[in-house]
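S.K.: Sharing a structure with you now.
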Amino acid sequence: MRRIGLCLCLFLPAVQVVRADDDRPALLLTGGRILNVIEGRLMPGLAVFIDGDRISKVAPTSEITVPGDVRRIDIAGLVLMPGLIDLHTHLLLRPYDEAPWNDQVLEESLALRTIRAVVAARSTLEAGFTTIRDLGTEGAGYADVGLRDAIDQGIITGPRVFTVTRALVATGCYGPSGFDPRWDMPVGAEVADGPVGIRKAVRSQIAAGADWIKVYADYRRKPGDRSTPTFSQEELNALVDEARSAGLRVAAHAVTNEAIRRSVRAGVATIEHGTEASEAVLAMMLENNVVLCPTLAASEAMARYSGWTPGAPDHPRIVRSKEMFARALRSGVTIACGSDAGVFAHGDNLREVELMVAYGMTPAQALAASTHVAAGVLDRANDLGRVAEGYLADLIAVRGNPLSDVSLCRKPALVIKGGRIVIDR
């Protein structure tokens, strides 16, 4: 990741800010402290001027000359920081303790699931997550593209959405499963086999509006089985090559060590889950700049659904998550925030950040993983994930110091997305 220093222009005369041609009011935030997520420290004495959808100036108030119609917001006692980013969500899913995955995919209408997703998108944004990568509609077709576009057009309220549409799976390697083989059941993703079939599927998803491609590099072959690799090295190579030729990157669901190894060799950008990643494979990820999205919160949620309660001895799922996360931290591999929200409640995305701290990260590392590190994964490190001039005005303000307790981010006092105030508590 490039590390660009914040220009404070401390010794320059006051700068006259010229308004952008935009219908939203200019904002001047004063009195708070700014979280520098790259250096992991708070910076006092600076104001932030927002004009249009971007941060125009970060400097002492005395050095900013603003228009008379600017809206001034006193954030004294608050910490201003970038909006949070979750790289693994499913807006079209709801928690499995409300409805099992099979029931959602097979029984709920596309219209109902999409309407629920509109509510989920708003809950996510109000929780301070201003950007998400939504990693699969799970049987809801291309509804994520419609949600993304509706948000971008201001029709509904939600975070910035990066879509993968249907995700790619091999024949017989995804659900719903366990039915009489005479019946041709719908699948929660797009089935593709062989290099030719995979290239065709990638092309169709890109044409439908995918921002990323997601592949299930391993999965259960039938109910009750453990996961095994599902695509050959040749198939994964073709998938990544086809996506790359269109300028897109690939996220790989991969739990088993061999599936992770194949995915890294193929050139994927992120590994989702990574539960069984060995030290050797983590070293491969580090060498190839492959990022881990550990989805710790989903593992915890699945443990709860099976009867585990907080305070009890760790469920095996949690034991595996802690062991994997410890190996990943030792390896030095880049870790970014990806929670798998949808498995659990949308709006509770911060649980992933809290667990990253509980399992060994410092608060500064976890906040970086959910801001500028995640922005880098999206290839948006130049305009997302920092409080800096020229960056998109996606910001939250929290009461207290999140470098001491990341849970303080749970209910932001202020949420701004693209220069528009979403929450002002």
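The way I read the labels, and the way they are meant: chains A, B, ... in the order of the structure tokens, residue 1 as the first residue of every chain, and ligand 1 as the first ligand shown, with later ones counted on from there.
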Step one, run DSSP on the backbone; step two, keep only residues of segment 191-277 of chain A assigned to strand (DSSP E or B); then write them as number ranges by chain.
M.R.: A: 191, 213-216, 218-219, 228-229, 250-254, 270-273
S.K.: Restricting the output to N, CA and C atoms, write the selected residues as a PDB file, in the first residue's frame.
M.R.:
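Produced file selection21.pdb, reproduced below:
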ATOM      1  N   VAL A 191     -23.254 -22.331 -11.856  1.00  0.00           N
ATOM      2  CA  VAL A 191     -22.455 -23.530 -12.079  1.00  0.00           C
ATOM      3  C   VAL A 191     -21.668 -23.386 -13.378  1.00  0.00           C
ATOM      4  N   ILE A 213     -15.156 -10.880  -9.350  1.00  0.00           N
ATOM      5  CA  ILE A 213     -15.594 -12.250  -9.571  1.00  0.00           C
ATOM      6  C   ILE A 213     -15.291 -13.046  -8.305  1.00  0.00           C
ATOM      7  N   LYS A 214     -16.260 -13.851  -7.889  1.00  0.00           N
ATOM      8  CA  LYS A 214     -16.039 -14.720  -6.726  1.00  0.00           C
ATOM      9  C   LYS A 214     -16.137 -16.177  -7.160  1.00  0.00           C
ATOM     10  N   VAL A 215     -15.233 -16.992  -6.652  1.00  0.00           N
ATOM     11  CA  VAL A 215     -15.241 -18.419  -6.937  1.00  0.00           C
ATOM     12  C   VAL A 215     -15.226 -19.199  -5.625  1.00  0.00           C
ATOM     13  N   TYR A 216     -15.993 -20.277  -5.582  1.00  0.00           N
ATOM     14  CA  TYR A 216     -15.927 -21.216  -4.468  1.00  0.00           C
ATOM     15  C   TYR A 216     -14.884 -22.260  -4.827  1.00  0.00           C
ATOM     16  N   ASP A 218     -13.436 -24.343  -2.907  1.00  0.00           N
ATOM     17  CA  ASP A 218     -13.730 -25.624  -2.263  1.00  0.00           C
ATOM     18  C   ASP A 218     -15.124 -25.560  -1.670  1.00  0.00           C
ATOM     19  N   TYR A 219     -15.668 -26.739  -1.400  1.00  0.00           N
ATOM     20  CA  TYR A 219     -16.994 -26.820  -0.777  1.00  0.00           C
ATOM     21  C   TYR A 219     -17.297 -28.279  -0.488  1.00  0.00           C
ATOM     22  N   THR A 228     -13.752 -30.007   0.230  1.00  0.00           N
ATOM     23  CA  THR A 228     -12.611 -30.431  -0.573  1.00  0.00           C
ATOM     24  C   THR A 228     -12.481 -29.475  -1.749  1.00  0.00           C
ATOM     25  N   PRO A 229     -11.292 -29.369  -2.368  1.00  0.00           N
ATOM     26  CA  PRO A 229     -11.150 -28.495  -3.539  1.00  0.00           C
ATOM     27  C   PRO A 229     -12.124 -28.902  -4.640  1.00  0.00           C
ATOM     28  N   VAL A 250     -10.331 -11.273  -8.462  1.00  0.00           N
ATOM     29  CA  VAL A 250     -11.072 -12.455  -8.027  1.00  0.00           C
ATOM     30  C   VAL A 250     -10.940 -12.652  -6.523  1.00  0.00           C
ATOM     31  N   ALA A 251     -12.069 -12.944  -5.889  1.00  0.00           N
ATOM     32  CA  ALA A 251     -12.112 -13.355  -4.483  1.00  0.00           C
ATOM     33  C   ALA A 251     -12.419 -14.844  -4.448  1.00  0.00           C
ATOM     34  N   ALA A 252     -11.664 -15.591  -3.654  1.00  0.00           N
ATOM     35  CA  ALA A 252     -11.845 -17.045  -3.586  1.00  0.00           C
ATOM     36  C   ALA A 252     -12.302 -17.466  -2.198  1.00  0.00           C
ATOM     37  N   HIS A 253     -13.507 -18.049  -2.137  1.00  0.00           N
ATOM     38  CA  HIS A 253     -13.899 -18.788  -0.939  1.00  0.00           C
ATOM     39  C   HIS A 253     -12.991 -20.014  -0.877  1.00  0.00           C
ATOM     40  N   ALA A 254     -12.204 -20.106   0.169  1.00  0.00           N
ATOM     41  CA  ALA A 254     -11.273 -21.234   0.286  1.00  0.00           C
ATOM     42  C   ALA A 254     -11.018 -21.501   1.761  1.00  0.00           C
ATOM     43  N   THR A 270      -7.979 -12.088  -3.115  1.00  0.00           N
ATOM     44  CA  THR A 270      -8.300 -12.309  -1.702  1.00  0.00           C
ATOM     45  C   THR A 270      -8.714 -13.749  -1.466  1.00  0.00           C
ATOM     46  N   ILE A 271      -8.395 -14.226  -0.274  1.00  0.00           N
ATOM     47  CA  ILE A 271      -8.871 -15.510   0.227  1.00  0.00           C
ATOM     48  C   ILE A 271      -9.906 -15.221   1.302  1.00  0.00           C
ATOM     49  N   GLU A 272     -11.082 -15.793   1.134  1.00  0.00           N
ATOM     50  CA  GLU A 272     -12.161 -15.617   2.099  1.00  0.00           C
ATOM     51  C   GLU A 272     -12.199 -16.820   3.025  1.00  0.00           C
ATOM     52  N   HIS A 273     -12.164 -16.578   4.305  1.00  0.00           N
ATOM     53  CA  HIS A 273     -12.186 -17.588   5.383  1.00  0.00           C
ATOM     54  C   HIS A 273     -10.765 -18.090   5.681  1.00  0.00           C
TER      55      HIS A 273
END
S.K.: Set the distance at 7 Å and use only C-alpha atoms: which residues neighbour Val58 of chain A once local chain neighbours fewer than 6 positions away are removed? I'd like the list as a ChimeraX atom specification.
M.R.: /A:8,46-49,388-389
S.K.: Might you pull out every residue within 8 Å of Gly385 of chain A, with only C-alpha atoms counted and same-chain residues fewer than 6 positions away left off, and present them as a list in words?
M.R.: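 Here the answer would be Pro82, Gly83, Leu84, Ile85, Thr371, His372, Val373, Ala374, Ala375 and Asp394 of chain A.
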S.K.: Closest to Pro294 of chain A among A:Arg386, A:Arg327, A:Arg265, A:Arg399, using only C-alpha atoms?
M.R.: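 Between A:Arg386, A:Arg327, A:Arg265, A:Arg399, the residue approaching Pro294 of chain A most closely is A:Arg327.
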S.K.: At a cut-off of 12 Å, using only C-alpha atoms, what residues contact Asp149 of chain A? Leave out same-chain residues fewer than 3 positions from it and give the result as a VMD selection string.
M.R.: chain A and resid 118 142 to 146 152 to 163 209 to 211
S.K.: Considering only C-alpha atoms, return as a PyMOL selection string whatever protein or nucleic-acid residues lie within 10 Å of Met285 of chain A, sequence-local ones (same chain, fewer than 6 positions apart) excluded.
M.R.: chain A and resi 260-261+263-265+267-271+277+279+291-292+328+331-334
S.K.: Go through A:Val187, A:Ile73, A:Met43, A:Ala336 and flag the residue nearest Ala413 of chain A, using only C-alpha atoms for the distances.
M.R.: A:Ile73
S.K.: Could you check which of A:Gly139, A:Gly400, A:Gly188, A:Gly194 is closest to Leu78 of chain A, using only C-alpha atoms?
M.R.: A:Gly400
S.K.: Enumerate, as number ranges by chain, the complete set of residues in segment 138-343 of chain A that a backbone-based DSSP assignment places in helix (DSSP H, G or I).
M.R.: A: 143-152, 194-208, 233-245, 257-266, 279-287, 296-305, 316-331
S.K.: Export, as a PDB file, in the first residue's frame, the selected residues with C-alpha atoms.
M.R.:
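Result written to again-v1.pdb:
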ATOM      1  CA  ALA A 143     -30.134  -8.192  -7.534  1.00  0.00           C
ATOM      2  CA  ASP A 144     -26.917  -6.819  -6.030  1.00  0.00           C
ATOM      3  CA  VAL A 145     -26.279  -4.847  -9.224  1.00  0.00           C
ATOM      4  CA  GLY A 146     -29.708  -3.252  -8.917  1.00  0.00           C
ATOM      5  CA  LEU A 147     -29.058  -2.427  -5.256  1.00  0.00           C
ATOM      6  CA  ARG A 148     -25.681  -0.876  -6.102  1.00  0.00           C
ATOM      7  CA  ASP A 149     -27.152   1.229  -8.873  1.00  0.00           C
ATOM      8  CA  ALA A 150     -30.158   2.318  -6.805  1.00  0.00           C
ATOM      9  CA  ILE A 151     -27.802   3.495  -4.058  1.00  0.00           C
ATOM     10  CA  ASP A 152     -25.555   5.297  -6.539  1.00  0.00           C
ATOM     11  CA  GLY A 194     -13.913 -26.597 -17.476  1.00  0.00           C
ATOM     12  CA  PRO A 195     -11.828 -23.641 -18.695  1.00  0.00           C
ATOM     13  CA  VAL A 196     -14.202 -22.858 -21.563  1.00  0.00           C
ATOM     14  CA  GLY A 197     -17.340 -22.964 -19.421  1.00  0.00           C
ATOM     15  CA  ILE A 198     -15.703 -20.900 -16.705  1.00  0.00           C
ATOM     16  CA  ARG A 199     -14.561 -18.209 -19.129  1.00  0.00           C
ATOM     17  CA  LYS A 200     -18.102 -17.988 -20.504  1.00  0.00           C
ATOM     18  CA  ALA A 201     -19.566 -17.614 -17.009  1.00  0.00           C
ATOM     19  CA  VAL A 202     -17.059 -14.913 -16.063  1.00  0.00           C
ATOM     20  CA  ARG A 203     -17.892 -13.001 -19.226  1.00  0.00           C
ATOM     21  CA  SER A 204     -21.628 -13.187 -18.558  1.00  0.00           C
ATOM     22  CA  GLN A 205     -21.221 -11.956 -15.000  1.00  0.00           C
ATOM     23  CA  ILE A 206     -19.079  -9.037 -16.077  1.00  0.00           C
ATOM     24  CA  ALA A 207     -21.625  -8.111 -18.739  1.00  0.00           C
ATOM     25  CA  ALA A 208     -24.356  -8.209 -16.068  1.00  0.00           C
ATOM     26  CA  GLN A 233      -5.653 -25.579 -11.186  1.00  0.00           C
ATOM     27  CA  GLU A 234      -6.355 -25.221 -14.907  1.00  0.00           C
ATOM     28  CA  GLU A 235      -9.924 -24.076 -14.238  1.00  0.00           C
ATOM     29  CA  LEU A 236      -8.873 -21.522 -11.619  1.00  0.00           C
ATOM     30  CA  ASN A 237      -6.140 -20.224 -13.915  1.00  0.00           C
ATOM     31  CA  ALA A 238      -8.691 -19.680 -16.683  1.00  0.00           C
ATOM     32  CA  LEU A 239     -11.105 -17.947 -14.309  1.00  0.00           C
ATOM     33  CA  VAL A 240      -8.542 -15.472 -13.014  1.00  0.00           C
ATOM     34  CA  ASP A 241      -7.124 -14.864 -16.495  1.00  0.00           C
ATOM     35  CA  GLU A 242     -10.556 -14.078 -17.938  1.00  0.00           C
ATOM     36  CA  ALA A 243     -11.393 -11.702 -15.093  1.00  0.00           C
ATOM     37  CA  ARG A 244      -7.999 -10.034 -15.329  1.00  0.00           C
ATOM     38  CA  SER A 245      -8.374  -9.477 -19.065  1.00  0.00           C
ATOM     39  CA  ASN A 257      -5.171 -25.647   2.477  1.00  0.00           C
ATOM     40  CA  GLU A 258      -5.078 -27.132  -1.039  1.00  0.00           C
ATOM     41  CA  ALA A 259      -7.832 -24.864  -2.361  1.00  0.00           C
ATOM     42  CA  ILE A 260      -6.030 -21.846  -0.936  1.00  0.00           C
ATOM     43  CA  ARG A 261      -2.790 -23.010  -2.566  1.00  0.00           C
ATOM     44  CA  ARG A 262      -4.458 -23.424  -5.969  1.00  0.00           C
ATOM     45  CA  SER A 263      -6.185 -20.050  -5.671  1.00  0.00           C
ATOM     46  CA  VAL A 264      -2.949 -18.259  -4.835  1.00  0.00           C
ATOM     47  CA  ARG A 265      -1.178 -19.936  -7.748  1.00  0.00           C
ATOM     48  CA  ALA A 266      -3.988 -18.817 -10.054  1.00  0.00           C
ATOM     49  CA  GLU A 279       2.223 -21.549   7.475  1.00  0.00           C
ATOM     50  CA  ALA A 280       3.634 -22.500   4.066  1.00  0.00           C
ATOM     51  CA  VAL A 281       0.513 -21.394   2.210  1.00  0.00           C
ATOM     52  CA  LEU A 282       0.307 -18.190   4.231  1.00  0.00           C
ATOM     53  CA  ALA A 283       3.888 -17.512   3.149  1.00  0.00           C
ATOM     54  CA  MET A 284       2.734 -18.005  -0.458  1.00  0.00           C
ATOM     55  CA  MET A 285      -0.052 -15.502   0.115  1.00  0.00           C
ATOM     56  CA  LEU A 286       2.409 -12.999   1.548  1.00  0.00           C
ATOM     57  CA  GLU A 287       4.808 -13.445  -1.363  1.00  0.00           C
ATOM     58  CA  LEU A 296     -14.301 -14.376  12.235  1.00  0.00           C
ATOM     59  CA  ALA A 297     -17.738 -12.997  13.045  1.00  0.00           C
ATOM     60  CA  ALA A 298     -19.466 -15.547  10.819  1.00  0.00           C
ATOM     61  CA  SER A 299     -17.633 -18.407  12.535  1.00  0.00           C
ATOM     62  CA  GLU A 300     -18.759 -17.076  15.900  1.00  0.00           C
ATOM     63  CA  ALA A 301     -22.332 -16.730  14.656  1.00  0.00           C
ATOM     64  CA  MET A 302     -22.394 -20.309  13.342  1.00  0.00           C
ATOM     65  CA  ALA A 303     -21.117 -21.489  16.720  1.00  0.00           C
ATOM     66  CA  ARG A 304     -23.985 -19.657  18.399  1.00  0.00           C
ATOM     67  CA  TYR A 305     -26.506 -21.225  16.033  1.00  0.00           C
ATOM     68  CA  PRO A 316     -14.485 -25.951  17.720  1.00  0.00           C
ATOM     69  CA  ARG A 317     -15.311 -23.351  15.057  1.00  0.00           C
ATOM     70  CA  ILE A 318     -13.958 -20.613  17.296  1.00  0.00           C
ATOM     71  CA  VAL A 319     -10.884 -22.659  18.193  1.00  0.00           C
ATOM     72  CA  ARG A 320     -10.094 -23.053  14.486  1.00  0.00           C
ATOM     73  CA  SER A 321     -10.669 -19.351  13.840  1.00  0.00           C
ATOM     74  CA  LYS A 322      -8.345 -18.316  16.653  1.00  0.00           C
ATOM     75  CA  GLU A 323      -5.635 -20.737  15.522  1.00  0.00           C
ATOM     76  CA  MET A 324      -5.883 -19.592  11.891  1.00  0.00           C
ATOM     77  CA  PHE A 325      -5.823 -15.929  12.849  1.00  0.00           C
ATOM     78  CA  ALA A 326      -2.763 -16.432  15.055  1.00  0.00           C
ATOM     79  CA  ARG A 327      -0.927 -18.153  12.183  1.00  0.00           C
ATOM     80  CA  ALA A 328      -1.906 -15.350   9.829  1.00  0.00           C
ATOM     81  CA  LEU A 329      -0.658 -12.670  12.201  1.00  0.00           C
ATOM     82  CA  ARG A 330       2.666 -14.455  12.631  1.00  0.00           C
ATOM     83  CA  SER A 331       3.040 -14.821   8.869  1.00  0.00           C
TER      84      SER A 331
END
S.K.: Figure out the distance between atom CA of Val398 of chain A and atom CA of Leu414 of chain A, please, to one decimal in Å.
M.R.: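 Pair atom CA of Leu414 of chain A / atom CA of Val398 of chain A returns 7.1 Å.
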S.K.: Kindly give the distance, in Å, that separates atom CA of His90 of chain A and atom CA of Ser339 of chain A, rounded to a single decimal.
M.R.: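 Rounded to one decimal, the two atoms are 9.7 Å apart.
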S.K.: With only C-alpha atoms as the basis for distance, which of A:Leu87, A:Leu248, A:Met81, A:Ala366 is at the shortest distance from Gly128 of chain A?
M.R.: A:Met81
S.K.: Between atom CA of Ser306 of chain A and atom CA of Leu93 of chain A, what distance in Å does the model show, to one decimal?
M.R.: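 Interatomic distance, atom CA of Ser306 of chain A to atom CA of Leu93 of chain A: 18.6 Å.
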